[in-house]
file model.pdb (PDB, C-alpha atoms)
ATOM      1  CA  MET A1181      -2.815   1.070  32.145
ATOM      2  CA  LYS A1182      -2.493  -1.008  28.980
ATOM      3  CA  ILE A1183      -1.094   0.475  25.786
ATOM      4  CA  ALA A1184      -1.370  -1.370  22.477
ATOM      5  CA  ILE A1185       1.607  -0.919  20.175
ATOM      6  CA  ALA A1186       1.320  -1.662  16.475
ATOM      7  CA  GLY A1187       4.480  -2.790  14.718
ATOM      8  CA  ALA A1188       6.041  -3.567  18.081
ATOM      9  CA  THR A1189       9.114  -5.285  16.629
ATOM     10  CA  GLY A1190      10.083  -2.213  14.602
ATOM     11  CA  ASN A1191      12.419   0.544  15.761
ATOM     12  CA  ILE A1192       9.681   2.943  16.855
ATOM     13  CA  GLY A1193       7.364   0.320  18.309
ATOM     14  CA  SER A1194      10.046  -1.382  20.396
ATOM     15  CA  ALA A1195      11.370   1.944  21.729
ATOM     16  CA  THR A1196       7.827   2.942  22.678
ATOM     17  CA  ALA A1197       7.210  -0.368  24.435
ATOM     18  CA  ARG A1198      10.359  -0.087  26.543
ATOM     19  CA  GLN A1199       9.426   3.401  27.684
ATOM     20  CA  VAL A1200       5.908   2.251  28.528
ATOM     21  CA  VAL A1201       7.294  -0.470  30.801
ATOM     22  CA  LEU A1202       9.775   1.906  32.441
ATOM     23  CA  ASN A1203       6.845   4.121  33.388
ATOM     24  CA  GLY A1204       4.834   1.345  35.002
ATOM     25  CA  ALA A1205       2.296   0.581  32.273
ATOM     26  CA  ILE A1206       1.718  -2.646  30.334
ATOM     27  CA  PRO A1207       2.474  -2.712  26.604
ATOM     28  CA  ILE A1208       0.411  -4.948  24.354
ATOM     29  CA  LEU A1209       2.844  -5.885  21.607
ATOM     30  CA  LEU A1210       1.115  -6.359  18.261
ATOM     31  CA  GLY A1211       2.835  -8.175  15.421
ATOM     32  CA  GLN A1212       2.643 -11.157  13.102
ATOM     33  CA  ASN A1213       5.512 -13.237  14.475
ATOM     34  CA  ILE A1214       5.353 -14.453  18.058
ATOM     35  CA  ASP A1215       9.050 -15.361  18.139
ATOM     36  CA  ARG A1216      10.084 -11.836  17.128
ATOM     37  CA  LEU A1217       7.695 -10.355  19.690
ATOM     38  CA  ASN A1218       9.105 -12.566  22.450
ATOM     39  CA  GLN A1219      12.683 -11.770  21.398
ATOM     40  CA  LEU A1220      12.059  -8.156  22.398
ATOM     41  CA  ASN A1221      12.347  -9.491  25.960
ATOM     42  CA  ILE A1222      10.229  -6.719  27.446
ATOM     43  CA  THR A1223       9.318  -7.706  31.001
ATOM     44  CA  GLY A1224       5.603  -7.552  31.723
ATOM     45  CA  ALA A1225       4.586  -7.088  28.095
ATOM     46  CA  ILE A1226       1.680  -8.972  26.528
ATOM     47  CA  ALA A1227       2.507 -10.317  23.051
ATOM     48  CA  LYS A1228      -0.391 -10.781  20.654
ATOM     49  CA  VAL A1229      -0.131 -12.106  17.113
ATOM     50  CA  ALA A1230      -2.428 -10.056  14.912
ATOM     51  CA  ASP A1231      -2.572  -8.795  11.340
ATOM     52  CA  LEU A1232      -2.651  -4.992  11.523
ATOM     53  CA  GLY A1233      -4.782  -4.922   8.395
ATOM     54  CA  ASP A1234      -7.435  -7.329   9.714
ATOM     55  CA  MET A1235     -10.267  -5.506  11.478
ATOM     56  CA  ALA A1236     -11.507  -8.486  13.444
ATOM     57  CA  GLU A1237      -8.035  -9.420  14.660
ATOM     58  CA  MET A1238      -7.228  -5.838  15.652
ATOM     59  CA  ILE A1239     -10.476  -5.384  17.527
ATOM     60  CA  LYS A1240      -9.789  -8.582  19.463
ATOM     61  CA  ALA A1241      -6.121  -7.776  20.134
ATOM     62  CA  THR A1242      -6.852  -4.272  21.500
ATOM     63  CA  HIS A1243     -10.059  -4.976  23.411
ATOM     64  CA  ASP A1244      -8.656  -3.887  26.802
ATOM     65  CA  ALA A1245      -6.249  -1.167  25.649
ATOM     66  CA  ASP A1246      -6.424   2.316  27.133
ATOM     67  CA  ALA A1247      -4.276   3.876  24.416
ATOM     68  CA  LEU A1248      -2.922   2.904  21.010
ATOM     69  CA  LEU A1249       0.239   3.561  19.010
ATOM     70  CA  TRP A1250      -0.708   3.209  15.352
ATOM     71  CA  LEU A1251       1.670   3.098  12.434
ATOM     72  CA  VAL A1252       1.934   1.484   9.019
ATOM     73  CA  PRO A1253       4.843  -0.974   8.805
ATOM     74  CA  PRO A1254       6.807  -1.115   5.537
ATOM     75  CA  VAL A1255       5.676  -3.733   3.054
ATOM     76  CA  ALA A1256       6.767  -4.806  -0.403
ATOM     77  CA  ALA A1257       4.291  -7.616  -1.109
ATOM     78  CA  ALA A1258       1.017  -5.661  -1.189
ATOM     79  CA  PRO A1259      -0.540  -4.689  -4.524
ATOM     80  CA  SER A1260       0.066  -1.031  -3.676
ATOM     81  CA  LEU A1261       1.144   1.129  -0.757
ATOM     82  CA  LYS A1262      -2.126   3.064  -1.095
ATOM     83  CA  GLU A1263      -4.111  -0.134  -0.608
ATOM     84  CA  TRP A1264      -1.858  -1.120   2.322
ATOM     85  CA  TYR A1265      -2.281   2.250   4.067
ATOM     86  CA  ASP A1266      -6.044   2.187   3.530
ATOM     87  CA  LYS A1267      -6.286  -1.328   4.940
ATOM     88  CA  ILE A1268      -4.210  -0.536   8.034
ATOM     89  CA  THR A1269      -6.085   2.725   8.615
ATOM     90  CA  THR A1270      -9.484   1.033   8.398
ATOM     91  CA  ALA A1271      -8.473  -1.683  10.859
ATOM     92  CA  GLY A1272      -7.048   0.837  13.325
ATOM     93  CA  ILE A1273     -10.165   2.979  13.249
ATOM     94  CA  ALA A1274     -12.359  -0.075  13.812
ATOM     95  CA  ALA A1275     -10.264  -1.078  16.843
ATOM     96  CA  VAL A1276     -10.508   2.417  18.348
ATOM     97  CA  GLN A1277     -14.256   2.642  17.799
ATOM     98  CA  GLN A1278     -15.180  -0.841  18.968
ATOM     99  CA  ASN A1279     -12.987  -0.758  22.065
ATOM    100  CA  ASP A1280     -13.550   2.878  23.008
ATOM    101  CA  ILE A1281      -9.806   3.596  23.083
ATOM    102  CA  LYS A1282      -9.337   7.121  24.434
ATOM    103  CA  ARG A1283      -5.883   8.111  23.138
ATOM    104  CA  VAL A1284      -4.218   7.406  19.814
ATOM    105  CA  VAL A1285      -0.723   8.388  18.729
ATOM    106  CA  LEU A1286      -0.204   8.110  14.966
ATOM    107  CA  ILE A1287       3.164   7.936  13.236
ATOM    108  CA  SER A1288       2.690  10.109  10.173
ATOM    109  CA  SER A1289       5.178  12.124   8.093
ATOM    110  CA  LEU A1290       6.766  15.544   8.074
ATOM    111  CA  GLY A1291       5.199  17.728   5.394
ATOM    112  CA  VAL A1292       2.080  15.558   5.348
ATOM    113  CA  SER A1293      -0.340  16.318   2.551
ATOM    114  CA  THR A1294      -3.304  14.784   0.782
ATOM    115  CA  LYS A1295      -2.063  16.021  -2.591
ATOM    116  CA  PRO A1296      -1.702  13.142  -5.053
ATOM    117  CA  ASN A1297       1.554  11.608  -6.292
ATOM    118  CA  LEU A1298       3.568  12.157  -3.110
ATOM    119  CA  GLY A1299       3.781   8.477  -2.242
ATOM    120  CA  THR A1300       3.301   7.692   1.425
ATOM    121  CA  ILE A1301       3.231  11.412   2.283
ATOM    122  CA  SER A1302      -0.149  11.530   0.540
ATOM    123  CA  TYR A1303      -1.313   8.358   2.272
ATOM    124  CA  CYS A1304      -0.301   9.666   5.713
ATOM    125  CA  GLY A1305      -2.436  12.728   5.042
ATOM    126  CA  ILE A1306      -5.428  10.528   4.243
ATOM    127  CA  MET A1307      -4.759   8.478   7.392
ATOM    128  CA  GLU A1308      -4.630  11.587   9.577
ATOM    129  CA  GLU A1309      -7.897  12.890   8.151
ATOM    130  CA  ALA A1310      -9.601   9.545   8.799
ATOM    131  CA  PHE A1311      -8.489   9.394  12.454
ATOM    132  CA  ASP A1312      -9.404  13.050  12.995
ATOM    133  CA  LYS A1313     -13.018  12.152  12.296
ATOM    134  CA  LEU A1314     -13.061  10.036  15.443
ATOM    135  CA  GLY A1315     -14.365  11.483  18.688
ATOM    136  CA  VAL A1316     -11.217  10.489  20.599
ATOM    137  CA  ASN A1317      -7.905  12.179  21.355
ATOM    138  CA  VAL A1318      -5.450  11.830  18.467
ATOM    139  CA  LEU A1319      -1.862  13.026  18.195
ATOM    140  CA  ALA A1320      -0.148  12.709  14.812
ATOM    141  CA  LEU A1321       3.625  12.666  15.137
ATOM    142  CA  ARG A1322       5.263  13.864  11.914
ATOM    143  CA  PRO A1323       8.906  12.772  11.812
ATOM    144  CA  GLY A1324      11.536  13.704   9.269
ATOM    145  CA  TYR A1325      14.125  11.275   7.866
ATOM    146  CA  PHE A1326      15.224   8.433  10.106
ATOM    147  CA  MET A1327      18.933   8.145  10.872
ATOM    148  CA  GLU A1328      18.442   4.396  11.063
ATOM    149  CA  ASN A1329      18.188   4.322   7.257
ATOM    150  CA  PHE A1330      21.995   4.513   7.302
ATOM    151  CA  LEU A1331      22.075   1.071   8.911
ATOM    152  CA  LEU A1332      20.773  -0.309   5.620
ATOM    153  CA  GLN A1333      23.893   1.078   3.963
ATOM    154  CA  ALA A1334      26.386  -0.149   6.534
ATOM    155  CA  GLN A1335      27.886  -2.719   4.166
ATOM    156  CA  SER A1336      28.423  -0.137   1.441
ATOM    157  CA  ILE A1337      29.958   2.309   3.909
ATOM    158  CA  LYS A1338      32.255  -0.395   5.272
ATOM    159  CA  GLU A1339      33.335  -1.968   1.978
ATOM    160  CA  LYS A1340      33.144   0.941  -0.483
ATOM    161  CA  GLY A1341      33.335   4.020   1.736
ATOM    162  CA  GLU A1342      30.121   5.184   0.116
ATOM    163  CA  PHE A1343      26.451   5.787   0.837
ATOM    164  CA  SER A1344      23.753   6.840  -1.583
ATOM    165  CA  PHE A1345      20.281   8.344  -1.842
ATOM    166  CA  THR A1346      18.379  10.025  -4.651
ATOM    167  CA  TYR A1347      18.658  13.489  -3.088
ATOM    168  CA  ASP A1348      20.924  16.359  -4.093
ATOM    169  CA  ALA A1349      24.107  16.505  -2.007
ATOM    170  CA  LEU A1350      23.144  19.969  -0.718
ATOM    171  CA  HIS A1351      19.516  19.158   0.084
ATOM    172  CA  ASP A1352      18.727  19.993   3.727
ATOM    173  CA  ILE A1353      17.297  16.971   5.549
ATOM    174  CA  PRO A1354      15.940  16.872   9.124
ATOM    175  CA  PHE A1355      17.506  13.635  10.362
ATOM    176  CA  LEU A1356      16.259  12.143  13.632
ATOM    177  CA  SER A1357      16.455   8.940  15.618
ATOM    178  CA  THR A1358      13.571   6.475  15.692
ATOM    179  CA  GLU A1359      14.317   5.979  19.382
ATOM    180  CA  ASP A1360      13.450   9.624  20.033
ATOM    181  CA  VAL A1361      10.188   9.149  18.132
ATOM    182  CA  GLY A1362       9.339   6.122  20.259
ATOM    183  CA  ASN A1363      10.144   7.968  23.478
ATOM    184  CA  ILE A1364       7.913  10.885  22.511
ATOM    185  CA  ALA A1365       5.114   8.536  21.463
ATOM    186  CA  ALA A1366       5.290   6.800  24.846
ATOM    187  CA  LYS A1367       5.151  10.127  26.659
ATOM    188  CA  TYR A1368       1.819  11.031  25.103
ATOM    189  CA  LEU A1369       0.388   7.525  25.279
ATOM    190  CA  LEU A1370       1.016   7.514  29.028
ATOM    191  CA  ASP A1371      -0.245  11.059  29.601
ATOM    192  CA  GLU A1372      -3.993  11.178  30.298
ATOM    193  CA  SER A1373      -4.147  14.983  30.570
ATOM    194  CA  TRP A1374      -4.140  16.018  26.898
ATOM    195  CA  ALA A1375      -7.157  16.171  24.644
ATOM    196  CA  GLY A1376      -8.148  16.981  21.095
ATOM    197  CA  HIS A1377      -6.446  16.453  17.748
ATOM    198  CA  TRP A1378      -2.799  17.531  17.622
ATOM    199  CA  LYS A1379      -0.022  17.563  15.060
ATOM    200  CA  LEU A1380       3.614  17.551  16.164
ATOM    201  CA  ASN A1381       6.562  17.829  13.775
ATOM    202  CA  LEU A1382       9.720  15.974  14.812
ATOM    203  CA  MET A1383      12.907  17.145  13.103
ATOM    204  CA  GLY A1384      15.909  16.094  15.157
ATOM    205  CA  PRO A1385      18.452  18.583  16.515
ATOM    206  CA  GLU A1386      19.474  20.022  13.116
ATOM    207  CA  ASN A1387      19.124  19.724   9.367
ATOM    208  CA  LEU A1388      22.067  18.170   7.543
ATOM    209  CA  THR A1389      22.981  17.983   3.888
ATOM    210  CA  LEU A1390      24.352  14.723   2.581
ATOM    211  CA  SER A1391      27.658  16.474   2.023
ATOM    212  CA  ASP A1392      27.624  17.309   5.745
ATOM    213  CA  VAL A1393      26.868  13.670   6.522
ATOM    214  CA  ALA A1394      29.787  12.443   4.390
ATOM    215  CA  ARG A1395      32.199  14.786   6.202
ATOM    216  CA  ARG A1396      30.963  13.727   9.617
ATOM    217  CA  LEU A1397      31.077  10.036   8.779
ATOM    218  CA  SER A1398      34.636  10.444   7.481
ATOM    219  CA  SER A1399      35.648  12.162  10.699
ATOM    220  CA  LEU A1400      33.919   9.709  13.024
ATOM    221  CA  THR A1401      35.072   6.546  11.237
ATOM    222  CA  GLU A1402      38.520   7.983  10.466
ATOM    223  CA  LYS A1403      38.100   6.714   6.902
ATOM    224  CA  PRO A1404      37.007   8.560   3.763
ATOM    225  CA  VAL A1405      33.256   8.283   3.189
ATOM    226  CA  ARG A1406      31.632   9.861   0.154
ATOM    227  CA  TYR A1407      28.078  10.506  -0.932
ATOM    228  CA  ARG A1408      26.820   9.348  -4.319
ATOM    229  CA  GLN A1409      23.494  10.578  -5.677
ATOM    230  CA  GLU A1410      21.612   7.696  -7.245
ATOM    231  CA  SER A1411      19.351   8.106 -10.248
ATOM    232  CA  PHE A1412      15.708   7.121 -10.104
ATOM    233  CA  GLU A1413      16.458   4.585 -12.824
ATOM    234  CA  GLU A1414      18.984   2.883 -10.523
ATOM    235  CA  ILE A1415      16.483   2.791  -7.681
ATOM    236  CA  GLU A1416      13.744   1.420  -9.897
ATOM    237  CA  SER A1417      16.049  -1.285 -11.254
ATOM    238  CA  ARG A1418      17.098  -2.370  -7.764
ATOM    239  CA  LEU A1419      13.509  -2.488  -6.532
ATOM    240  CA  ASN A1420      12.597  -4.561  -9.558
ATOM    241  CA  ASN A1421      15.446  -6.990  -8.798
ATOM    242  CA  TRP A1422      14.095  -7.318  -5.261
ATOM    243  CA  GLY A1423      10.717  -8.357  -6.654
ATOM    244  CA  VAL A1424       8.882  -5.143  -5.774
ATOM    245  CA  GLY A1425       5.840  -4.698  -8.002
ATOM    246  CA  GLU A1426       5.496  -1.870 -10.507
ATOM    247  CA  THR A1427       2.835   0.025  -8.556
ATOM    248  CA  ILE A1428       4.879   0.136  -5.356
ATOM    249  CA  ARG A1429       8.009   0.996  -7.331
ATOM    250  CA  ASN A1430       6.210   4.005  -8.771
ATOM    251  CA  GLU A1431       4.846   5.002  -5.367
ATOM    252  CA  LEU A1432       8.330   4.888  -3.835
ATOM    253  CA  ILE A1433       9.777   6.952  -6.686
ATOM    254  CA  ASP A1434       6.997   9.495  -6.086
ATOM    255  CA  LEU A1435       7.982   9.574  -2.411
ATOM    256  CA  PHE A1436      11.699  10.047  -3.112
ATOM    257  CA  LYS A1437      10.911  12.883  -5.531
ATOM    258  CA  ALA A1438       8.670  14.530  -2.924
ATOM    259  CA  LEU A1439      11.301  14.261  -0.199
ATOM    260  CA  GLY A1440      13.965  15.646  -2.525
ATOM    261  CA  ASP A1441      11.889  18.666  -3.544
ATOM    262  CA  PRO A1442      13.651  21.740  -2.063
ATOM    263  CA  ASN A1443      10.225  23.323  -1.553
ATOM    264  CA  GLY A1444       8.597  20.117  -0.342
ATOM    265  CA  ALA A1445       8.250  18.194   2.903
ATOM    266  CA  TYR A1446      11.670  19.070   4.283
ATOM    267  CA  ALA A1447      11.192  22.791   3.724
ATOM    268  CA  THR A1448       8.990  22.702   6.850
ATOM    269  CA  PRO A1449      10.086  25.504   9.212
ATOM    270  CA  ARG A1450      11.703  24.490  12.476
ATOM    271  CA  THR A1451      10.022  25.294  15.787
ATOM    272  CA  PRO A1452      11.227  24.506  19.320
ATOM    273  CA  GLU A1453       8.608  21.766  19.599
ATOM    274  CA  ALA A1454      10.105  19.926  16.610
ATOM    275  CA  TYR A1455      13.444  19.395  18.388
ATOM    276  CA  THR A1456      14.530  15.860  19.282
ATOM    277  CA  ALA A1457      17.702  15.233  21.212
ATOM    278  CA  THR A1458      19.770  12.495  19.553
ATOM    279  CA  SER A1459      22.526  13.995  17.419
ATOM    280  CA  PHE A1460      23.858  12.401  14.258
ATOM    281  CA  GLU A1461      27.179  11.828  16.045
ATOM    282  CA  GLN A1462      25.442   9.979  18.867
ATOM    283  CA  PHE A1463      23.594   7.802  16.375
ATOM    284  CA  VAL A1464      26.796   6.936  14.524
ATOM    285  CA  ILE A1465      28.711   6.094  17.710
ATOM    286  CA  ASN A1466      25.915   4.108  19.365
ATOM    287  CA  LYS A1467      24.263   2.354  16.420
ATOM    288  CA  LEU A1468      26.210   2.613  13.167
ATOM    289  CA  MET A1469      29.797   2.127  14.334
ATOM    290  CA  PRO A1470      29.092  -1.258  15.999
ATOM    291  CA  VAL A1471      27.931  -2.699  12.660
ATOM    292  CA  LEU A1472      30.881  -1.230  10.768
ATOM    293  CA  ILE A1473      33.442  -3.077  12.874
TER     294      ILE A1473
END

call {"tool": "encode", "arguments": {"input": "model.pdb", "output": "structure tokens"}}
result
Amino acid sequence: MKIAIAGATGNIGSATARQVVLNGAIPILLGQNIDRLNQLNITGAIAKVADLGDMAEMIKATHDADALLWLVPPVAAAPSLKEWYDKITTAGIAAVQQNDIKRVVLISSLGVSTKPNLGTISYCGIMEEAFDKLGVNVLALRPGYFMENFLLQAQSIKEKGEFSFTYDALHDIPFLSTEDVGNIAAKYLLDESWAGHWKLNLMGPENLTLSDVARRLSSLTEKPVRYRQESFEEIESRLNNWGVGETIRNELIDLFKALGDPNGAYATPRTPEAYTATSFEQFVINKLMPVLI
């Protein structure tokens, strides 16, 4: 069995690929940099350089795949995130149709919706609807907030004892590990017994407020760590300094507002199926602490 994996060098894609190999199948690693694909060092994998937004390249790269993991990698250089999502979605659908791929696992978003002005939450909803029109088996995984986002703030935590988001300190957030998402994606990509169009929320073991996170980080690191709520103006200024265009800046602000809405995406009720195993403590010990040393 061959399983094509979009964004293979990312956290979810690489975790999926490793599970695929462990279960005796062959991952086709899709990405734009052959060196980064080879650096994954996944025995038995097939690395293919391909632009996920190019229909012809995706059709060629997935021509012998039995199943497909499809996701939209982050980008800052596109004219807009909407255009980027549409382009990636169109290429993925073309690959599935042309190559008669039987199973697709999508990485979508918790609280997915096609309502406007929700940033990528809106675009994930459009992507799901487009794939659901296909006559193949499609599972949309809908994860909450990735714990790995704290790795981006490791320097601030180490040097200032501080981390920051735009959300209220008491806002409940379903944190989960990208590794768990990859493991679950691999499970369904390998399983030939399911059929139809499914949606599966993934919400980690528990919801945490950012005040909870600060307390736990302080305890685990044995140093005071505080949470600071950033303003949208601060975020917009930083994105501008990074060279992110106005349209994408606005789309990201829309997303942060949607995720911070107490009645929004993260108000999704928990069910047993939404549980993923990695605790916040395990993430900190295994992934965050090594980069804080």

call {"tool": "residues_around", "arguments": {"input": "model.pdb", "residues": "Asp1360 (chain A)", "least_positions_apart": "6", "cutoff": "12 Å", "atoms": "all atoms listed in the file", "output": "PyMOL selection string"}}
result
chain A and resi 1191-1196+1199+1321+1323-1324+1326-1328+1366-1367+1382-1385+1454-1459+1463

call {"tool": "residues_near_point", "arguments": {"input": "model.pdb", "point": "(36.5, -1.8, 2.3)", "cutoff": "12 Å", "atoms": "all atoms listed in the file", "output": "JSON, numbers by chain"}}
result
{"A": [1334, 1335, 1336, 1337, 1338, 1339, 1340, 1341, 1342, 1403, 1404, 1405, 1472, 1473]}

call {"tool": "residues_around", "arguments": {"input": "model.pdb", "residues": "Leu1209 (chain A)", "least_positions_apart": "6", "cutoff": "9 Å", "atoms": "all atoms listed in the file", "output": "list in words"}}
result
Ile1183, Ala1184, Ile1185, Ala1186, Gly1187, Ala1188, Thr1189, Gly1193, Ser1194, Ala1197, Leu1217, Ala1225, Ile1226, Ala1227, Lys1228 and Val1229 of chain A

call {"tool": "closest_atom_pairs", "arguments": {"input": "model.pdb", "of": "region 1305-1386 of chain A", "to": "region 1255-1269 of chain A", "cutoff": "10 Å", "atoms": "only C-alpha atoms", "output": "tab-separated table"}}
result
residue	atom	partner	partner_atom	distance
A:Ile1306	CA	A:Asp1266	CA	8.4
A:Met1307	CA	A:Thr1269	CA	6.0
A:Glu1308	CA	A:Thr1269	CA	9.0
A:Ala1310	CA	A:Thr1269	CA	7.7
A:Phe1311	CA	A:Thr1269	CA	8.1

call {"tool": "closest_residue", "arguments": {"input": "model.pdb", "among": "A:Glu1431, A:Glu1410, A:Glu1426, A:Glu1386", "to": "Arg1450 (chain A)", "atoms": "all atoms listed in the file"}}
result
A:Glu1386

call {"tool": "atom_distance", "arguments": {"input": "model.pdb", "atom1": "CA of Pro1207 (chain A)", "atom2": "CA of Ile1364 (chain A)"}}
result
15.2 Å

call {"tool": "atom_distance", "arguments": {"input": "model.pdb", "atom1": "CA of Lys1240 (chain A)", "atom2": "CA of Lys1379 (chain A)"}}
result
28.3 Å

call {"tool": "residues_around", "arguments": {"input": "model.pdb", "residues": "Ala1320 (chain A)", "least_positions_apart": "4", "cutoff": "8 Å", "atoms": "only C-alpha atoms", "output": "PyMOL selection string"}}
result
chain A and resi 1285-1288+1308+1377-1380

call {"tool": "closest_residue", "arguments": {"input": "model.pdb", "among": "A:Asn1421, A:Thr1300, A:Val1471, A:Gly1291", "to": "Pro1442 (chain A)", "atoms": "only C-alpha atoms"}}
result
A:Gly1291

call {"tool": "atom_distance", "arguments": {"input": "model.pdb", "atom1": "CA of Ala1205 (chain A)", "atom2": "CA of Gly1224 (chain A)"}}
result
8.8 Å

call {"tool": "residues_around", "arguments": {"input": "model.pdb", "residues": "region 1270-1283 of chain A", "least_positions_apart": "3", "cutoff": "7 Å", "atoms": "only C-alpha atoms", "output": "list in words"}}
result
Leu1232, Gly1233, Asp1234, Met1235, Met1238, Ile1239, Thr1242, His1243, Ala1245, Asp1246, Ala1247, Leu1248, Asp1266, Lys1267, Phe1311, Val1316, Asn1317, Val1318 and Leu1369 of chain A

call {"tool": "closest_residue", "arguments": {"input": "model.pdb", "among": "A:Glu1461, A:Val1424, A:Leu1220, A:Pro1296", "to": "Leu1397 (chain A)", "atoms": "only C-alpha atoms"}}
result
A:Glu1461

call {"tool": "resolve_selection", "arguments": {"input": "model.pdb", "expression": "the PyMOL selection byres ((chain A and resi 1408) around 10)", "output": "short mmCIF file (atom, residue, chain, number, x, y, z; two decimals) with C-alpha atoms, keeping the file's coordinate frame"}}
result
data_model
loop_
_atom_site.label_atom_id
_atom_site.label_comp_id
_atom_site.auth_asym_id
_atom_site.auth_seq_id
_atom_site.Cartn_x
_atom_site.Cartn_y
_atom_site.Cartn_z
CA GLU A 1342 30.12 5.18 0.12
CA PHE A 1343 26.45 5.79 0.84
CA SER A 1344 23.75 6.84 -1.58
CA PHE A 1345 20.28 8.34 -1.84
CA THR A 1346 18.38 10.02 -4.65
CA TYR A 1347 18.66 13.49 -3.09
CA ASP A 1348 20.92 16.36 -4.09
CA ALA A 1349 24.11 16.50 -2.01
CA LEU A 1390 24.35 14.72 2.58
CA SER A 1391 27.66 16.47 2.02
CA ALA A 1394 29.79 12.44 4.39
CA VAL A 1405 33.26 8.28 3.19
CA ARG A 1406 31.63 9.86 0.15
CA TYR A 1407 28.08 10.51 -0.93
CA GLN A 1409 23.49 10.58 -5.68
CA GLU A 1410 21.61 7.70 -7.24
CA SER A 1411 19.35 8.11 -10.25
#

call {"tool": "resolve_selection", "arguments": {"input": "model.pdb", "expression": "the PyMOL selection byres ((chain A and resi 1292) around 8)", "output": "ChimeraX atom specification"}}
result
/A:1288-1291,1293-1294,1301-1302,1304-1305,1322,1445

call {"tool": "axis_aligned_box", "arguments": {"input": "model.pdb", "around": "region 1354-1366 of chain A", "padding_each_side": "8 Å", "output": "AutoDock Vina command-line options"}}
result
--center_x 11.3 --center_y 11.4 --center_z 17.0 --size_x 28.4 --size_y 26.9 --size_z 31.7

call {"tool": "resolve_selection", "arguments": {"input": "model.pdb", "expression": "the PyMOL selection byres ((chain A and resi 1433) around 8)", "output": "ChimeraX atom specification"}}
result
/A:1299,1412,1415-1416,1429-1432,1434-1437

call {"tool": "closest_residue", "arguments": {"input": "model.pdb", "among": "A:Gln1333, A:Ser1357, A:Thr1448, A:Asn1363", "to": "Val1200 (chain A)", "atoms": "all atoms listed in the file"}}
result
A:Asn1363

call {"tool": "closest_residue", "arguments": {"input": "model.pdb", "among": "A:Leu1249, A:Ile1206, A:Leu1388, A:Met1469", "to": "Glu1402 (chain A)", "atoms": "all atoms listed in the file"}}
result
A:Met1469

call {"tool": "decode", "arguments": {"input": "model.pdb", "residues": "region 1298-1308 of chain A", "atoms": "N, CA, C and O atoms", "output": "compact mmCIF listing (two decimals), in the first residue's frame"}}
result
# COMPACT_ATOMS: atom_id res chain seq x y z
N LEU A 1298 -14.03 34.30 9.14
CA LEU A 1298 -13.49 33.47 10.21
C LEU A 1298 -12.07 33.01 9.86
O LEU A 1298 -11.56 32.07 10.45
N GLY A 1299 -11.45 33.66 8.91
CA GLY A 1299 -10.12 33.26 8.50
C GLY A 1299 -10.10 31.85 7.96
O GLY A 1299 -10.98 31.44 7.21
N THR A 1300 -9.08 31.09 8.34
CA THR A 1300 -8.93 29.74 7.79
C THR A 1300 -10.02 28.79 8.25
O THR A 1300 -10.22 27.74 7.63
N ILE A 1301 -10.75 29.11 9.30
CA ILE A 1301 -11.90 28.28 9.69
C ILE A 1301 -12.93 28.27 8.57
O ILE A 1301 -13.50 27.22 8.23
N SER A 1302 -13.16 29.42 7.96
CA SER A 1302 -14.07 29.51 6.82
C SER A 1302 -13.53 28.72 5.63
O SER A 1302 -14.27 28.00 4.95
N TYR A 1303 -12.23 28.83 5.39
CA TYR A 1303 -11.64 28.19 4.22
C TYR A 1303 -11.59 26.67 4.38
O TYR A 1303 -11.73 25.93 3.41
N CYS A 1304 -11.42 26.19 5.62
CA CYS A 1304 -11.50 24.74 5.87
C CYS A 1304 -12.90 24.22 5.57
O CYS A 1304 -13.07 23.11 5.06
N GLY A 1305 -13.91 25.01 5.92
CA GLY A 1305 -15.28 24.61 5.63
C GLY A 1305 -15.51 24.47 4.14
O GLY A 1305 -16.14 23.51 3.67
N ILE A 1306 -14.99 25.41 3.37
CA ILE A 1306 -15.12 25.35 1.91
C ILE A 1306 -14.37 24.13 1.36
O ILE A 1306 -14.85 23.43 0.46
N MET A 1307 -13.18 23.86 1.93
CA MET A 1307 -12.40 22.70 1.50
C MET A 1307 -13.15 21.40 1.78
O MET A 1307 -13.23 20.51 0.93
N GLU A 1308 -13.71 21.27 2.96
CA GLU A 1308 -14.48 20.07 3.29
C GLU A 1308 -15.64 19.86 2.32
O GLU A 1308 -15.87 18.75 1.84
